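A.B. asks: Hey, dropping entry34.tsv in here, TSV, C-alpha atoms:
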chain	number	residue	atom	x	y	z
A	8	MET	CA	88.10	-106.11	-59.13
A	9	SER	CA	89.42	-102.70	-58.34
A	10	ASN	CA	87.68	-100.29	-56.07
A	11	ARG	CA	87.70	-96.60	-56.89
A	12	LYS	CA	85.96	-93.52	-55.67
A	13	ALA	CA	84.70	-90.64	-57.76
A	14	THR	CA	83.23	-87.37	-56.59
A	15	VAL	CA	80.95	-85.49	-58.95
A	16	TYR	CA	80.43	-81.76	-58.37
A	17	VAL	CA	77.38	-80.20	-60.02
A	18	ARG	CA	77.20	-76.42	-60.35
A	19	LEU	CA	74.78	-74.07	-62.07
A	20	LYS	CA	76.21	-72.59	-65.27
A	21	ASP	CA	77.30	-68.96	-65.24
A	22	GLY	CA	74.32	-66.71	-65.80
A	23	VAL	CA	71.76	-69.18	-64.45
A	24	LEU	CA	69.82	-67.77	-61.50
A	25	ASP	CA	70.57	-69.40	-58.14
A	26	PRO	CA	67.58	-68.56	-55.89
A	27	GLN	CA	68.82	-70.91	-53.16
A	28	GLY	CA	72.16	-69.08	-53.04
A	29	VAL	CA	70.48	-65.67	-52.99
A	30	THR	CA	68.14	-66.74	-50.18
A	31	ILE	CA	71.03	-68.08	-48.10
A	32	GLN	CA	73.05	-64.90	-48.65
A	33	ARG	CA	70.08	-62.84	-47.40
A	34	ALA	CA	69.57	-65.14	-44.43
A	35	ILE	CA	73.23	-64.72	-43.45
A	36	LEU	CA	72.76	-60.94	-43.65
A	37	ASN	CA	69.64	-61.21	-41.46
A	38	MET	CA	71.65	-63.19	-38.92
A	39	GLY	CA	73.82	-60.09	-38.51
A	40	TYR	CA	76.86	-61.15	-40.55
A	41	ASP	CA	77.67	-58.70	-43.33
A	42	MET	CA	80.89	-60.20	-44.68
A	43	VAL	CA	79.42	-62.77	-47.07
A	44	SER	CA	78.84	-60.98	-50.38
A	45	SER	CA	77.70	-63.93	-52.47
A	46	VAL	CA	76.64	-67.55	-52.06
A	47	LYS	CA	76.52	-70.13	-54.82
A	48	SER	CA	74.89	-73.47	-54.14
A	49	GLY	CA	75.80	-76.82	-55.65
A	50	ARG	CA	75.43	-80.56	-55.16
A	51	PHE	CA	77.97	-83.34	-55.02
A	52	PHE	CA	77.80	-87.12	-55.23
A	53	GLU	CA	80.36	-89.58	-53.91
A	54	LEU	CA	80.35	-92.76	-55.98
A	55	GLU	CA	81.96	-96.08	-55.03
A	56	ILE	CA	82.99	-97.83	-58.21
A	57	ASP	CA	83.76	-101.53	-58.74
A	58	ALA	CA	85.22	-101.90	-62.18
A	59	GLU	CA	88.03	-103.68	-63.91
A	60	ASP	CA	88.49	-101.92	-67.19
A	61	GLY	CA	89.95	-98.55	-67.97
A	62	ASP	CA	86.80	-97.26	-69.58
A	63	VAL	CA	85.28	-96.26	-66.26
A	64	GLU	CA	85.93	-92.55	-66.59
A	65	ALA	CA	84.05	-92.30	-69.89
A	66	ARG	CA	81.10	-94.17	-68.44
A	67	ILE	CA	81.00	-92.05	-65.30
A	68	ASN	CA	80.96	-88.94	-67.48
A	69	GLU	CA	78.05	-90.46	-69.41
A	70	ILE	CA	76.13	-91.12	-66.16
A	71	CYS	CA	76.75	-87.53	-65.04
A	72	GLY	CA	75.45	-86.01	-68.26
A	73	LYS	CA	72.37	-88.22	-68.31
A	74	LEU	CA	71.42	-88.49	-64.66
A	75	LEU	CA	73.32	-86.40	-62.13
A	76	ALA	CA	73.38	-83.04	-63.88
A	77	ASN	CA	70.95	-81.20	-66.11
A	78	PRO	CA	73.28	-80.16	-68.94
A	79	VAL	CA	70.95	-77.34	-70.01
A	80	ILE	CA	71.61	-75.34	-66.85
A	81	GLU	CA	74.37	-77.21	-64.99
A	82	ASN	CA	78.03	-78.09	-65.37
A	83	PHE	CA	79.62	-81.09	-63.74
A	84	GLN	CA	83.16	-81.93	-62.77
A	85	VAL	CA	84.38	-85.41	-61.84
A	86	GLU	CA	87.34	-86.13	-59.56
A	87	PHE	CA	88.67	-89.67	-59.35
A	88	GLU	CA	90.47	-91.03	-56.33
A	89	LYS	CA	92.13	-94.30	-55.59
B	30	MET	CA	89.20	-55.10	-47.55
B	31	SER	CA	90.41	-58.53	-48.39
B	32	ASN	CA	88.47	-60.89	-50.58
B	33	ARG	CA	88.41	-64.56	-49.74
B	34	LYS	CA	86.52	-67.57	-50.88
B	35	ALA	CA	85.26	-70.41	-48.72
B	36	THR	CA	83.62	-73.62	-49.83
B	37	VAL	CA	81.37	-75.42	-47.38
B	38	TYR	CA	80.69	-79.13	-47.94
B	39	VAL	CA	77.66	-80.60	-46.16
B	40	ARG	CA	77.36	-84.37	-45.82
B	41	LEU	CA	74.93	-86.64	-44.00
B	42	LYS	CA	76.44	-88.17	-40.87
B	43	ASP	CA	77.39	-91.83	-40.94
B	44	GLY	CA	74.37	-93.98	-40.27
B	45	VAL	CA	71.83	-91.43	-41.49
B	46	LEU	CA	69.73	-92.77	-44.37
B	47	ASP	CA	70.40	-91.17	-47.75
B	48	PRO	CA	67.30	-91.90	-49.87
B	49	GLN	CA	68.51	-89.60	-52.65
B	50	GLY	CA	71.77	-91.52	-52.92
B	51	VAL	CA	69.98	-94.89	-52.90
B	52	THR	CA	67.56	-93.73	-55.60
B	53	ILE	CA	70.40	-92.49	-57.81
B	54	GLN	CA	72.34	-95.73	-57.33
B	55	ARG	CA	69.26	-97.70	-58.46
B	56	ALA	CA	68.69	-95.39	-61.41
B	57	ILE	CA	72.30	-95.92	-62.53
B	58	LEU	CA	71.70	-99.69	-62.31
B	59	ASN	CA	68.51	-99.31	-64.37
B	60	MET	CA	70.48	-97.39	-67.00
B	61	GLY	CA	72.53	-100.55	-67.49
B	62	TYR	CA	75.68	-99.61	-65.57
B	63	ASP	CA	76.52	-102.09	-62.84
B	64	MET	CA	79.83	-100.68	-61.64
B	65	VAL	CA	78.56	-98.08	-59.18
B	66	SER	CA	78.06	-99.85	-55.85
B	67	SER	CA	77.11	-96.88	-53.71
B	68	VAL	CA	76.14	-93.21	-54.07
B	69	LYS	CA	76.22	-90.62	-51.31
B	70	SER	CA	74.69	-87.23	-51.92
B	71	GLY	CA	75.79	-83.92	-50.46
B	72	ARG	CA	75.54	-80.17	-50.93
B	73	PHE	CA	78.15	-77.47	-51.18
B	74	PHE	CA	78.13	-73.70	-50.96
B	75	GLU	CA	80.71	-71.32	-52.39
B	76	LEU	CA	80.91	-68.14	-50.33
B	77	GLU	CA	82.58	-64.89	-51.35
B	78	ILE	CA	83.80	-63.17	-48.22
B	79	ASP	CA	84.71	-59.51	-47.75
B	80	ALA	CA	86.33	-59.19	-44.37
B	81	GLU	CA	89.24	-57.48	-42.74
B	82	ASP	CA	89.79	-59.25	-39.48
B	83	GLY	CA	91.16	-62.67	-38.78
B	84	ASP	CA	88.06	-63.85	-37.02
B	85	VAL	CA	86.36	-64.81	-40.27
B	86	GLU	CA	86.91	-68.55	-39.96
B	87	ALA	CA	85.16	-68.73	-36.59
B	88	ARG	CA	82.20	-66.76	-37.91
B	89	ILE	CA	81.89	-68.87	-41.04
B	90	ASN	CA	81.86	-71.99	-38.86
B	91	GLU	CA	79.08	-70.38	-36.81
B	92	ILE	CA	77.04	-69.66	-39.97
B	93	CYS	CA	77.49	-73.27	-41.13
B	94	GLY	CA	76.28	-74.74	-37.86
B	95	LYS	CA	73.29	-72.42	-37.65
B	96	LEU	CA	72.20	-72.11	-41.27
B	97	LEU	CA	73.92	-74.25	-43.88
B	98	ALA	CA	73.93	-77.62	-42.12
B	99	ASN	CA	71.53	-79.37	-39.80
B	100	PRO	CA	73.93	-80.50	-37.06
B	101	VAL	CA	71.54	-83.24	-35.91
B	102	ILE	CA	72.01	-85.25	-39.10
B	103	GLU	CA	74.75	-83.48	-41.07
B	104	ASN	CA	78.45	-82.73	-40.84
B	105	PHE	CA	80.09	-79.78	-42.54
B	106	GLN	CA	83.61	-79.07	-43.65
B	107	VAL	CA	84.92	-75.64	-44.64
B	108	GLU	CA	87.80	-75.02	-47.03
B	109	PHE	CA	89.26	-71.53	-47.28
B	110	GLU	CA	91.08	-70.24	-50.31
B	111	LYS	CA	93.45	-67.28	-50.82
In structure tokens, what does this structure look like?

C.D. replies:
Amino acid sequence: MSNRKATVYVRLKDGVLDPQGVTIQRAILNMGYDMVSSVKSGRFFELEIDAEDGDVEARINEICGKLLANPVIENFQVEFEK
Amino acid sequence: MSNRKATVYVRLKDGVLDPQGVTIQRAILNMGYDMVSSVKSGRFFELEIDAEDGDVEARINEICGKLLANPVIENFQVEFEK
């Protein structure tokens, strides 16, 4: 059984408001640093995968679309290692 | 004024419980996929930086330790582009 690692990055789609990012950008400004002009927030998930067949990538993409990201407002990107 | 981008990755330290990751791993199992043996969750922040001097990296590290990560339970890693 092969052992692989995948990292899934979930970002808000362009045009979707990111209140967490805006709040952090303001907080950085309030700390006295004026060089950060924009902050975008995102989530990532590191998955350990035990699988034999070559169909893993399709299934991981399925899991992302159904569970890890909200496809209405978020995009995801999967990077496979090994 | 130069324009740079930095991405900050925030992960839980080894040994710190990750209930979100455990819950997602179980949910994947309940969806009928048995090939994901572990899930670790993390956050990332994409910063746009307007700065002239070369001291930016030190200041970004300061911001991470004070604001973006909780150094008691989290590690952060900064990647600069451009």

A.B. asks: Using all atoms listed in the file, which residues of chain B come within 10 Å of chain A, and what is the closest atom pair for each, with the distance in Å to one decimal? Give it as CSV, sorted by chain and residue number.

C.D. replies:
residue,atom,partner,partner_atom,distance
B:Asn32,CA,A:Met42,CA,9.6
B:Arg33,CA,A:Val43,CA,9.5
B:Lys34,CA,A:Val43,CA,9.4
B:Ala35,CA,A:Val46,CA,9.7
B:Thr36,CA,A:Lys47,CA,9.4
B:Val37,CA,A:Ser48,CA,9.6
B:Tyr38,CA,A:Phe51,CA,8.7
B:Val39,CA,A:Arg50,CA,9.3
B:Arg40,CA,A:Phe51,CA,9.3
B:Gln49,CA,A:Phe52,CA,10.0
B:Gly50,CA,A:Phe52,CA,7.8
B:Ile53,CA,A:Leu74,CA,8.0
B:Gln54,CA,A:Leu54,CA,8.6
B:Ala56,CA,A:Leu74,CA,8.1
B:Ile57,CA,A:Ile70,CA,7.1
B:Met60,CA,A:Ile70,CA,8.5
B:Tyr62,CA,A:Arg66,CA,8.2
B:Asp63,CA,A:Asp57,CA,8.3
B:Met64,CA,A:Asp57,CA,5.0
B:Val65,CA,A:Ile56,CA,4.5
B:Ser66,CA,A:Glu55,CA,5.5
B:Ser67,CA,A:Glu55,CA,5.1
B:Val68,CA,A:Leu54,CA,4.6
B:Lys69,CA,A:Glu53,CA,5.0
B:Ser70,CA,A:Phe52,CA,4.5
B:Gly71,CA,A:Phe51,CA,5.1
B:Arg72,CA,A:Arg50,CA,4.2
B:Phe73,CA,A:Gly49,CA,5.1
B:Phe74,CA,A:Ser48,CA,4.5
B:Glu75,CA,A:Lys47,CA,5.0
B:Leu76,CA,A:Val46,CA,4.6
B:Glu77,CA,A:Ser45,CA,5.1
B:Ile78,CA,A:Val43,CA,4.5
B:Asp79,CA,A:Met42,CA,4.9
B:Ala80,CA,A:Met42,CA,5.5
B:Glu81,CA,A:Met42,CA,9.0
B:Val85,CA,A:Met42,CA,8.4
B:Arg88,CA,A:Tyr40,CA,8.2
B:Ile89,CA,A:Val43,CA,8.9
B:Ile92,CA,A:Ile35,CA,7.1
B:Cys93,CA,A:Ile35,CA,9.8
B:Lys95,CA,A:Met38,CA,9.5
B:Leu96,CA,A:Ile35,CA,7.8
B:Leu97,CA,A:Ile31,CA,8.0

A.B. asks: Could you please determine the separation between atom CA of Val23 of chain A and atom CA of Ala76 of chain A in Å, to one decimal place?

C.D. replies: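 These two atoms are separated by 14.0 Å.
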
A.B. asks: Using the file's own x, y and z axes, what box holds all listed atoms of segment 39-43 of chain A with 4 Å on each side, keeping edges along x, y and z, and what are its centre and edge lengths in Å to one decimal, as lines of an AutoDock Vina configuration file?

C.D. replies:
center_x = 77.4
center_y = -60.7
center_z = -42.8
size_x = 15.1
size_y = 12.1
size_z = 16.6

A.B. asks: At what distance in Å, to one decimal, does atom CA of Asn104 of chain B lie from atom CA of Ile80 of chain A?

C.D. replies: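 Straight-line distance from atom CA of Ile80 of chain A to atom CA of Asn104 of chain B works out to 27.9 Å.
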
A.B. asks: As an exercise, work out the distance from atom CA of Val101 of chain B to atom CA of Asp25 of chain A in Å and give it to one decimal place.

C.D. replies: 26.2 Å
